[in-house]
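> What follows is the file run_20.cif, containing mmCIF, C-alpha atoms and all ligand atoms:
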```
data_target
#
loop_
_atom_site.group_PDB
_atom_site.id
_atom_site.type_symbol
_atom_site.label_atom_id
_atom_site.label_comp_id
_atom_site.auth_asym_id
_atom_site.auth_seq_id
_atom_site.Cartn_x
_atom_site.Cartn_y
_atom_site.Cartn_z
ATOM 1 C CA MET A 1 -3.569 8.409 -21.681
ATOM 2 C CA LYS A 2 -3.712 4.721 -22.559
ATOM 3 C CA ILE A 3 -1.219 2.050 -21.587
ATOM 4 C CA GLU A 4 -0.579 -0.239 -24.514
ATOM 5 C CA ALA A 5 1.637 -3.310 -24.453
ATOM 6 C CA SER A 6 2.122 -6.199 -26.858
ATOM 7 C CA PRO A 7 0.834 -9.650 -25.857
ATOM 8 C CA ALA A 8 4.464 -10.731 -25.311
ATOM 9 C CA LEU A 9 5.106 -7.838 -22.948
ATOM 10 C CA LEU A 10 1.852 -8.477 -21.096
ATOM 11 C CA GLN A 11 3.041 -12.032 -20.502
ATOM 12 C CA LYS A 12 6.370 -10.799 -19.146
ATOM 13 C CA ILE A 13 4.649 -8.365 -16.802
ATOM 14 C CA ARG A 14 2.360 -11.138 -15.531
ATOM 15 C CA ALA A 15 5.430 -13.285 -14.862
ATOM 16 C CA TYR A 16 7.182 -10.361 -13.132
ATOM 17 C CA ALA A 17 4.098 -9.837 -10.937
ATOM 18 C CA GLU A 18 3.924 -13.473 -9.804
ATOM 19 C CA PRO A 19 6.441 -13.392 -6.886
ATOM 20 C CA PHE A 20 4.709 -10.360 -5.361
ATOM 21 C CA GLU A 21 1.567 -12.379 -4.671
ATOM 22 C CA SER A 22 2.992 -13.793 -1.453
ATOM 23 C CA ILE A 23 4.436 -10.483 -0.222
ATOM 24 C CA ARG A 24 2.507 -8.534 2.360
ATOM 25 C CA PRO A 25 3.205 -5.104 3.884
ATOM 26 C CA ALA A 26 5.118 -5.127 7.181
ATOM 27 C CA VAL A 27 2.031 -4.578 9.335
ATOM 28 C CA PHE A 28 0.760 -8.052 8.412
ATOM 29 C CA ALA A 29 3.681 -9.605 10.306
ATOM 30 C CA LEU A 30 1.951 -8.448 13.521
ATOM 31 C CA PHE A 31 -1.120 -10.638 12.981
ATOM 32 C CA PRO A 32 -1.444 -14.243 14.281
ATOM 33 C CA GLY A 33 0.713 -16.905 12.648
ATOM 34 C CA ASN A 34 3.359 -14.500 11.413
ATOM 35 C CA THR A 35 6.953 -13.665 12.293
ATOM 36 C CA GLN A 36 6.258 -10.872 14.794
ATOM 37 C CA THR A 37 2.780 -11.801 16.006
ATOM 38 C CA LEU A 38 1.495 -9.199 18.434
ATOM 39 C CA PHE A 39 -2.214 -8.754 17.787
ATOM 40 C CA PRO A 40 -4.556 -11.477 19.102
ATOM 41 C CA PHE A 41 -7.034 -10.839 16.295
ATOM 42 C CA GLU A 42 -7.051 -11.654 12.582
ATOM 43 C CA PRO A 43 -6.713 -9.005 9.870
ATOM 44 C CA GLU A 44 -10.244 -9.664 8.568
ATOM 45 C CA SER A 45 -11.818 -9.038 12.016
ATOM 46 C CA ASP A 46 -13.229 -5.596 12.813
ATOM 47 C CA ARG A 47 -10.148 -4.848 14.906
ATOM 48 C CA GLY A 48 -7.864 -6.120 12.173
ATOM 49 C CA LEU A 49 -9.580 -3.872 9.646
ATOM 50 C CA GLY A 50 -9.097 -1.018 12.124
ATOM 51 C CA VAL A 51 -5.348 -1.682 12.232
ATOM 52 C CA LEU A 52 -5.240 -1.658 8.421
ATOM 53 C CA LEU A 53 -7.009 1.700 8.340
ATOM 54 C CA LEU A 54 -4.532 3.117 10.876
ATOM 55 C CA ALA A 55 -1.701 1.781 8.682
ATOM 56 C CA ALA A 56 -3.164 3.336 5.534
ATOM 57 C CA ALA A 57 -3.598 6.684 7.262
ATOM 58 C CA LEU A 58 0.120 6.710 8.165
ATOM 59 C CA HIS A 59 1.258 5.473 4.758
ATOM 60 C CA ARG A 60 4.143 7.047 2.921
ATOM 61 C CA PRO A 61 6.008 5.449 0.014
ATOM 62 C CA GLY A 62 8.592 2.987 1.277
ATOM 63 C CA GLY A 63 7.512 3.604 4.885
ATOM 64 C CA GLU A 64 5.772 0.283 5.637
ATOM 65 C CA ALA A 65 8.309 -0.793 8.283
ATOM 66 C CA LEU A 66 7.997 2.533 10.065
ATOM 67 C CA THR A 67 4.211 2.297 10.113
ATOM 68 C CA ALA A 68 4.321 -1.251 11.502
ATOM 69 C CA ARG A 69 6.754 -0.227 14.229
ATOM 70 C CA ILE A 70 4.624 2.756 15.302
ATOM 71 C CA LEU A 71 1.467 0.636 15.475
ATOM 72 C CA ALA A 72 3.240 -2.155 17.350
ATOM 73 C CA ASP A 73 4.565 0.268 19.982
ATOM 74 C CA LEU A 74 1.157 1.899 20.358
ATOM 75 C CA TYR A 75 -0.457 -1.505 20.843
ATOM 76 C CA ARG A 76 2.130 -2.443 23.476
ATOM 77 C CA ALA A 77 1.448 0.843 25.275
ATOM 78 C CA PHE A 78 -2.341 0.967 25.019
ATOM 79 C CA GLY A 79 -3.585 -2.498 24.036
ATOM 80 C CA THR A 80 -6.978 -2.384 22.325
ATOM 81 C CA ASP A 81 -7.286 1.256 23.373
ATOM 82 C CA ILE A 82 -5.250 1.787 20.197
ATOM 83 C CA PHE A 83 -8.716 2.119 18.667
ATOM 84 C CA LYS A 84 -9.632 4.829 21.185
ATOM 85 C CA LEU A 85 -6.591 7.085 20.938
ATOM 86 C CA ASN A 86 -8.969 10.039 20.628
ATOM 87 C CA ARG A 87 -9.844 9.516 24.289
ATOM 88 C CA ILE A 88 -6.246 9.253 25.485
ATOM 89 C CA PRO A 89 -4.469 12.536 26.280
ATOM 90 C CA PHE A 90 -2.703 13.845 23.181
ATOM 91 C CA GLU A 91 0.592 14.147 25.049
ATOM 92 C CA LYS A 92 0.620 10.424 25.914
ATOM 93 C CA VAL A 93 0.085 9.457 22.290
ATOM 94 C CA ARG A 94 2.739 11.916 21.154
ATOM 95 C CA GLU A 95 5.269 10.630 23.708
ATOM 96 C CA THR A 96 4.711 7.028 22.599
ATOM 97 C CA VAL A 97 5.274 7.935 18.951
ATOM 98 C CA GLN A 98 8.377 9.947 19.856
ATOM 99 C CA ALA A 99 9.732 7.001 21.845
ATOM 100 C CA THR A 100 9.439 4.830 18.728
ATOM 101 C CA PHE A 101 11.569 7.241 16.729
ATOM 102 C CA ALA A 102 14.068 7.598 19.593
ATOM 103 C CA ALA A 103 14.479 3.813 19.872
ATOM 104 C CA GLU A 104 15.108 3.190 16.195
ATOM 105 C CA ALA A 105 17.550 5.596 14.567
ATOM 106 C CA ALA A 106 16.928 4.047 11.143
ATOM 107 C CA LEU A 107 13.324 5.280 11.196
ATOM 108 C CA ILE A 108 13.722 8.586 9.437
ATOM 109 C CA LEU A 109 10.886 11.010 8.874
ATOM 110 C CA ASP A 110 10.975 14.771 8.568
ATOM 111 C CA GLU A 111 9.847 16.672 11.657
ATOM 112 C CA ALA A 112 6.665 18.054 10.144
ATOM 113 C CA GLU A 113 5.465 14.592 9.115
ATOM 114 C CA GLN A 114 6.420 13.145 12.472
ATOM 115 C CA ALA A 115 4.486 15.867 14.291
ATOM 116 C CA ARG A 116 1.329 15.041 12.327
ATOM 117 C CA ILE A 117 1.231 11.365 13.351
ATOM 118 C CA PRO A 118 -0.634 11.658 16.702
ATOM 119 C CA GLY A 119 -3.283 13.885 15.111
ATOM 120 C CA ILE A 120 -3.760 11.452 12.234
ATOM 121 C CA LEU A 121 -4.135 8.506 14.605
ATOM 122 C CA ARG A 122 -6.617 10.306 16.815
ATOM 123 C CA SER A 123 -8.604 11.374 13.767
ATOM 124 C CA VAL A 124 -8.856 7.737 12.605
ATOM 125 C CA CYS A 125 -10.124 6.827 16.083
ATOM 126 C CA ASP A 126 -12.732 9.618 15.881
ATOM 127 C CA PHE A 127 -13.810 7.958 12.653
ATOM 128 C CA PHE A 128 -14.087 4.545 14.365
ATOM 129 C CA TYR A 129 -16.263 6.185 17.012
ATOM 130 C CA ARG A 130 -18.591 7.667 14.372
ATOM 131 C CA VAL A 131 -18.984 4.635 12.066
ATOM 132 C CA GLY A 132 -18.620 1.733 14.517
ATOM 133 C CA PRO A 133 -17.081 -1.595 13.415
ATOM 134 C CA LEU A 134 -15.502 -1.403 9.982
ATOM 135 C CA GLY A 135 -16.777 -4.797 8.781
ATOM 136 C CA PRO A 136 -20.459 -3.726 8.555
ATOM 137 C CA TRP A 137 -19.403 -0.302 7.257
ATOM 138 C CA LEU A 138 -17.571 -1.992 4.390
ATOM 139 C CA GLU A 139 -20.246 -4.601 3.747
ATOM 140 C CA SER A 140 -22.937 -1.930 3.405
ATOM 141 C CA ALA A 141 -20.845 0.123 0.966
ATOM 142 C CA PRO A 142 -22.656 1.095 -2.255
ATOM 143 C CA ASP A 143 -19.194 0.946 -3.809
ATOM 144 C CA TRP A 144 -15.646 1.533 -2.608
ATOM 145 C CA GLU A 145 -15.249 4.877 -4.363
ATOM 146 C CA THR A 146 -17.967 6.260 -2.084
ATOM 147 C CA ARG A 147 -16.241 4.852 0.975
ATOM 148 C CA ALA A 148 -12.853 6.220 -0.183
ATOM 149 C CA GLY A 149 -14.444 9.663 -0.421
ATOM 150 C CA GLU A 150 -15.748 9.347 3.143
ATOM 151 C CA LEU A 151 -12.296 8.427 4.430
ATOM 152 C CA CYS A 152 -10.762 11.442 2.698
ATOM 153 C CA ASN A 153 -13.421 13.799 4.013
ATOM 154 C CA GLU A 154 -13.449 12.589 7.591
ATOM 155 C CA ILE A 155 -9.876 11.670 8.522
ATOM 156 C CA TYR A 156 -7.166 14.265 9.049
ATOM 157 C CA TRP A 157 -4.441 14.207 6.380
ATOM 158 C CA MET A 158 -6.105 11.326 4.544
ATOM 159 C CA GLY A 159 -6.444 13.350 1.347
ATOM 160 C CA LEU A 160 -9.244 15.926 1.685
ATOM 161 C CA ARG A 161 -7.835 17.951 -1.210
ATOM 162 C CA SER A 162 -6.184 15.051 -3.016
ATOM 163 C CA LEU A 163 -7.289 14.363 -6.574
ATOM 164 C CA THR A 164 -6.024 10.805 -6.359
ATOM 165 C CA ARG A 165 -7.078 9.815 -2.798
ATOM 166 C CA SER A 166 -3.969 7.638 -2.594
ATOM 167 C CA LYS A 167 -4.099 6.833 1.133
ATOM 168 C CA ALA A 168 -7.772 5.889 0.990
ATOM 169 C CA ARG A 169 -7.127 3.710 -2.071
ATOM 170 C CA LEU A 170 -4.247 2.105 -0.255
ATOM 171 C CA PHE A 171 -6.559 1.067 2.585
ATOM 172 C CA PHE A 172 -8.704 -0.875 0.122
ATOM 173 C CA TRP A 173 -5.622 -2.410 -1.451
ATOM 174 C CA LEU A 174 -4.525 -3.567 2.057
ATOM 175 C CA LEU A 175 -7.829 -5.442 2.296
ATOM 176 C CA THR A 176 -6.837 -7.461 -0.766
ATOM 177 C CA ARG A 177 -3.644 -8.499 1.057
ATOM 178 C CA ILE A 178 -5.671 -10.363 3.690
ATOM 179 C CA PRO A 179 -4.960 -14.049 2.993
ATOM 180 C CA ASP A 180 -7.845 -15.517 0.959
ATOM 181 C CA PHE A 181 -9.558 -12.142 1.124
ATOM 182 C CA GLU A 182 -12.176 -13.175 -1.407
ATOM 183 C CA THR A 183 -13.148 -16.103 0.833
ATOM 184 C CA HIS A 184 -13.078 -14.140 4.097
ATOM 185 C CA LEU A 185 -14.787 -11.073 2.692
ATOM 186 C CA PRO A 186 -16.867 -12.329 -0.254
ATOM 187 C CA ALA A 187 -19.145 -9.294 -0.314
ATOM 188 C CA MET A 188 -16.122 -7.134 -0.973
ATOM 189 C CA ALA A 189 -14.606 -8.973 -3.941
ATOM 190 C CA HIS A 190 -17.216 -7.487 -6.271
ATOM 191 C CA HIS A 191 -16.314 -3.932 -5.196
ATOM 192 C CA ALA A 192 -12.618 -4.745 -5.484
ATOM 193 C CA ARG A 193 -12.927 -5.738 -9.153
ATOM 194 C CA GLY A 194 -14.460 -2.378 -10.025
ATOM 195 C CA PHE A 195 -12.182 -0.222 -7.869
ATOM 196 C CA VAL A 196 -9.423 2.112 -9.030
ATOM 197 C CA TRP A 197 -6.107 1.294 -7.351
ATOM 198 C CA PRO A 198 -3.426 3.766 -6.269
ATOM 199 C CA VAL A 199 -0.765 4.958 -8.678
ATOM 200 C CA SER A 200 2.669 5.918 -7.364
ATOM 201 C CA ASP A 201 5.756 7.528 -8.858
ATOM 202 C CA ALA A 202 7.126 3.999 -9.398
ATOM 203 C CA HIS A 203 4.162 3.177 -11.656
ATOM 204 C CA LEU A 204 5.110 6.023 -13.952
ATOM 205 C CA ARG A 205 8.767 4.989 -13.933
ATOM 206 C CA PHE A 206 7.683 1.473 -14.915
ATOM 207 C CA TRP A 207 5.477 2.794 -17.721
ATOM 208 C CA ILE A 208 8.292 4.893 -19.189
ATOM 209 C CA ASP A 209 11.117 2.353 -18.729
ATOM 210 C CA ILE A 210 9.391 -0.932 -19.454
ATOM 211 C CA VAL A 211 6.256 -0.207 -21.483
ATOM 212 C CA LYS A 212 8.037 2.626 -23.339
ATOM 213 C CA PRO A 213 5.040 4.742 -24.365
ATOM 214 C CA ALA A 214 4.994 6.640 -27.643
ATOM 215 C CA ARG A 215 5.509 10.396 -27.350
ATOM 216 C CA THR A 216 1.865 10.732 -28.338
ATOM 217 C CA ALA A 217 0.699 8.545 -25.460
ATOM 218 C CA GLY A 218 -1.441 11.360 -24.153
ATOM 219 C CA ALA A 219 -1.778 13.732 -21.251
ATOM 220 C CA ARG A 220 -0.966 12.596 -17.756
ATOM 221 C CA SER A 221 -3.221 14.315 -15.272
ATOM 222 C CA PRO A 222 -3.601 12.468 -11.940
ATOM 223 C CA GLU A 223 -7.106 11.342 -12.859
ATOM 224 C CA GLU A 224 -5.971 10.077 -16.261
ATOM 225 C CA ARG A 225 -3.139 8.125 -14.682
ATOM 226 C CA LEU A 226 -5.513 6.463 -12.251
ATOM 227 C CA SER A 227 -7.916 5.389 -14.939
ATOM 228 C CA ALA A 228 -5.129 4.293 -17.331
ATOM 229 C CA PHE A 229 -3.482 2.052 -14.741
ATOM 230 C CA ALA A 230 -6.876 0.742 -13.612
ATOM 231 C CA ALA A 231 -7.584 -0.307 -17.208
ATOM 232 C CA PHE A 232 -4.106 -1.827 -17.496
ATOM 233 C CA GLY A 233 -4.683 -3.839 -14.301
ATOM 234 C CA LYS A 234 -7.947 -5.186 -15.694
ATOM 235 C CA GLU A 235 -6.269 -6.134 -18.949
ATOM 236 C CA LEU A 236 -3.501 -8.015 -17.139
ATOM 237 C CA PHE A 237 -5.584 -9.571 -14.366
ATOM 238 C CA PRO A 238 -9.292 -9.415 -15.230
ATOM 239 C CA GLU A 239 -10.312 -11.409 -12.143
ATOM 240 C CA ALA A 240 -7.982 -9.636 -9.727
ATOM 241 C CA PRO A 241 -6.862 -6.241 -11.091
ATOM 242 C CA TRP A 242 -5.477 -5.253 -7.658
ATOM 243 C CA ARG A 243 -2.569 -7.628 -8.313
ATOM 244 C CA LEU A 244 -0.814 -4.982 -10.391
ATOM 245 C CA TYR A 245 -0.318 -2.381 -7.640
ATOM 246 C CA LEU A 246 2.535 -3.902 -5.638
ATOM 247 C CA PRO A 247 4.715 -5.112 -8.567
ATOM 248 C CA LEU A 248 4.617 -1.660 -10.119
ATOM 249 C CA ASP A 249 4.962 0.196 -6.822
ATOM 250 C CA SER A 250 8.075 -1.901 -6.094
ATOM 251 C CA TYR A 251 9.775 -1.128 -9.410
ATOM 252 C CA LEU A 252 13.198 0.413 -8.656
ATOM 253 C CA ARG A 253 12.035 1.423 -5.179
ATOM 254 C CA ARG A 254 14.967 1.445 -2.757
ATOM 255 C CA ASP A 255 14.640 -0.772 0.287
ATOM 256 C CA ARG A 256 16.353 -0.376 3.645
ATOM 257 C CA ALA A 257 19.198 -2.692 2.602
ATOM 258 C CA GLY A 258 20.052 -0.389 -0.326
ATOM 259 C CA SER A 259 18.733 -2.740 -3.008
ATOM 260 C CA PHE A 260 15.477 -2.477 -4.932
ATOM 261 C CA THR A 261 12.316 -4.083 -3.604
ATOM 262 C CA CYS A 262 11.593 -5.511 -7.067
ATOM 263 C CA ARG A 263 15.001 -7.161 -7.125
ATOM 264 C CA THR A 264 14.459 -8.767 -3.729
ATOM 265 C CA ALA A 265 11.080 -10.111 -4.881
ATOM 266 C CA GLN A 266 12.589 -11.542 -8.068
ATOM 267 C CA ASP A 267 15.537 -13.085 -6.208
ATOM 268 C CA GLY A 268 17.925 -11.041 -8.323
ATOM 269 C CA CYS A 269 17.833 -9.351 -11.707
ATOM 270 C CA ARG A 270 19.023 -12.336 -13.718
ATOM 271 C CA PRO A 271 15.807 -14.393 -13.196
ATOM 272 C CA CYS A 272 13.592 -11.305 -13.540
ATOM 273 C CA PRO A 273 11.340 -11.600 -16.636
ATOM 274 C CA LEU A 274 11.925 -7.902 -17.322
ATOM 275 C CA SER A 275 15.734 -7.937 -17.163
ATOM 276 C CA ALA A 276 16.159 -7.473 -20.931
ATOM 277 C CA LEU A 277 14.015 -4.331 -20.776
ATOM 278 C CA CYS A 278 15.011 -2.816 -17.451
ATOM 279 C CA PRO A 279 17.655 -0.049 -17.484
ATOM 280 C CA ALA A 280 18.756 -0.961 -13.943
ATOM 281 C CA ALA A 281 19.280 -4.691 -14.564
ATOM 282 C CA GLY A 282 22.895 -4.553 -15.716
ATOM 283 C CA GLN A 283 24.346 -3.163 -12.491
ATOM 284 C CA PHE A 284 23.069 -6.245 -10.640
ATOM 285 C CA ILE A 285 24.133 -8.895 -13.130
ATOM 286 C CA PRO A 286 27.876 -9.627 -12.771
ATOM 287 C CA GLY A 287 29.752 -8.871 -15.969
ATOM 288 C CA GLU A 288 26.810 -6.972 -17.481
ATOM 289 C CA GLY A 289 26.931 -3.746 -15.491
ATOM 290 C CA SER A 290 29.111 -0.703 -15.869
HETATM 291 S S1 LIG B 301 15.869 -3.897 -11.210
HETATM 292 FE FE1 LIG B 301 16.127 -6.073 -11.621
HETATM 293 S S2 LIG B 301 14.434 -7.064 -10.545
HETATM 294 FE FE2 LIG B 301 13.896 -4.891 -10.763
HETATM 295 S S3 LIG B 301 12.695 -4.794 -12.656
HETATM 296 FE FE3 LIG B 301 14.837 -4.352 -13.173
HETATM 297 S S4 LIG B 301 15.650 -6.348 -13.792
HETATM 298 FE FE4 LIG B 301 13.762 -6.758 -12.670
#
```
Please go through the file and, once you have read it, give me the structure as structure tokens.

Amino acid sequence: MKIEASPALLQKIRAYAEPFESIRPAVFALFPGNTQTLFPFEPESDRGLGVLLLAAALHRPGGEALTARILADLYRAFGTDIFKLNRIPFEKVRETVQATFAAEAALILDEAEQARIPGILRSVCDFFYRVGPLGPWLESAPDWETRAGELCNEIYWMGLRSLTRSKARLFFWLLTRIPDFETHLPAMAHHARGFVWPVSDAHLRFWIDIVKPARTAGARSPEERLSAFAAFGKELFPEAPWRLYLPLDSYLRRDRAGSFTCRTAQDGCRPCPLSALCPAAGQFIPGEGS
């Protein structure tokens, strides 16, 4: 599988990606200087990195607001013991998570997934206990692929049997969302340029709708998809290939207001550089939809 696009299309995709640069997942609003500041520590601190790992472990597509709400409520309940949930009775953690769901009817998750949350959180805290502060653990990484494998092997429901290691990859992508991450974490920028970023269902939708691959474009095993999109990211943004993940992950993804997250980022379909190619553009442009 190879993703091929003309120079003109590459330019359009770069322009489409531009507004996503300033967008950060909901959990970042809880750090200092943001709209819902709660944590007294910065995202690049060891504690901040711990919060980002907890967020990645709870990740599900389109579930960023839910994750942020769960972590905020846990922090209000336990303070910095949020990093020691493995030493807090399981029932107390479970009750706190259940209270979050009870307080916010819009937070929908199936019962099986909901029931797994306390175990996932406690498993991440076991991991903190074993490796110590995440900053040194990341700085001493031989590469991020090795560290992603460790996360999958050691944290419950993080992707032990996953071919794509999506949650672990997402943790590393969250690091790139730290403002000026290359300045704050210079040792990590090198690993980031060589890393393979997550691929979601929205990436494939984008490839089919916008790039319009030939029927002979090749097989699409999970591993092939990862490497094809990694190569595409490097072609589009050689110095910062991680920039491709969010624009593609947002493509035609429904948000809580019933719109698409890509449309919100572009401030409507009409100014979107991809509107002439996108099958969903017409319904949002007055007079051009059915
Ligand atoms: S739905 Fe609108 S904003 Fe999203 S890619 Fe299509 S044209 Fe662009």
> Hey, can you check how far atom CA of A:Asn34 sits from atom CA of A:Tyr16?
25.2 Å
> Could you work out an axis-aligned bounding box for all listed atoms of stretch 186-193 of chain A, with 8 Å added on each of the six sides, and give its centre and edge lengths in Å to one decimal, as AutoDock Vina command-line options?

```
--center_x -15.9 --center_y -8.1 --center_z -4.7 --size_x 22.5 --size_y 24.4 --size_z 24.9
```
> Could you state which residues are captured by the PyMOL selection byres (((chain A and resi 124) around 9) and not hetatm) in this file, as number ranges by chain?
A: 50, 53-54, 57, 83, 85-86, 119-123, 125-129, 151, 154-156
> May I have the residues within 6 Å of ligand LIG 301 (chain B), computed using only C-alpha atoms and all ligand atoms, as a ChimeraX atom specification?
/A:251-252,262-263,266,268-269,272,274-275,278,280-281
> Would you mind telling me which residue in A:Phe206, A:Ser162, A:Phe101, A:Ala187 lies nearest to A:Gly135 when using all atoms listed in the file?
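Nearest to A:Gly135: A:Ala187.
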> Under the rule that all atoms listed in the file are counted, which of A:Ala68, A:Arg24, A:Gly282, A:Ser45 is the nearest residue to A:His184?
A:Ser45
> Between atom CA of A:Leu204 and atom CA of A:Ser22, what is the distance in Å, rounded to a tenth?
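Those two atoms sit 23.5 Å apart.
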> When you count only C-alpha atoms, which of these residues is closest to A:Glu21: A:Leu277, A:Ala228, A:Ile178, A:Leu134?
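Answer, going by the shortest atom-to-atom distance: A:Ile178.
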> Rounded to one decimal, what separation in Å do you get between atom CA of A:Leu174 and atom CA of A:Ile208?
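Interatomic distance here is 26.2 Å.
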> The PyMOL selection byres (((chain A and resi 229-246) around 7) and not hetatm) on the file shown: which residues, as an MDAnalysis selection string?
chainID A and resid 3 10 14 17 20 173 193 196:197 225:228 247:250
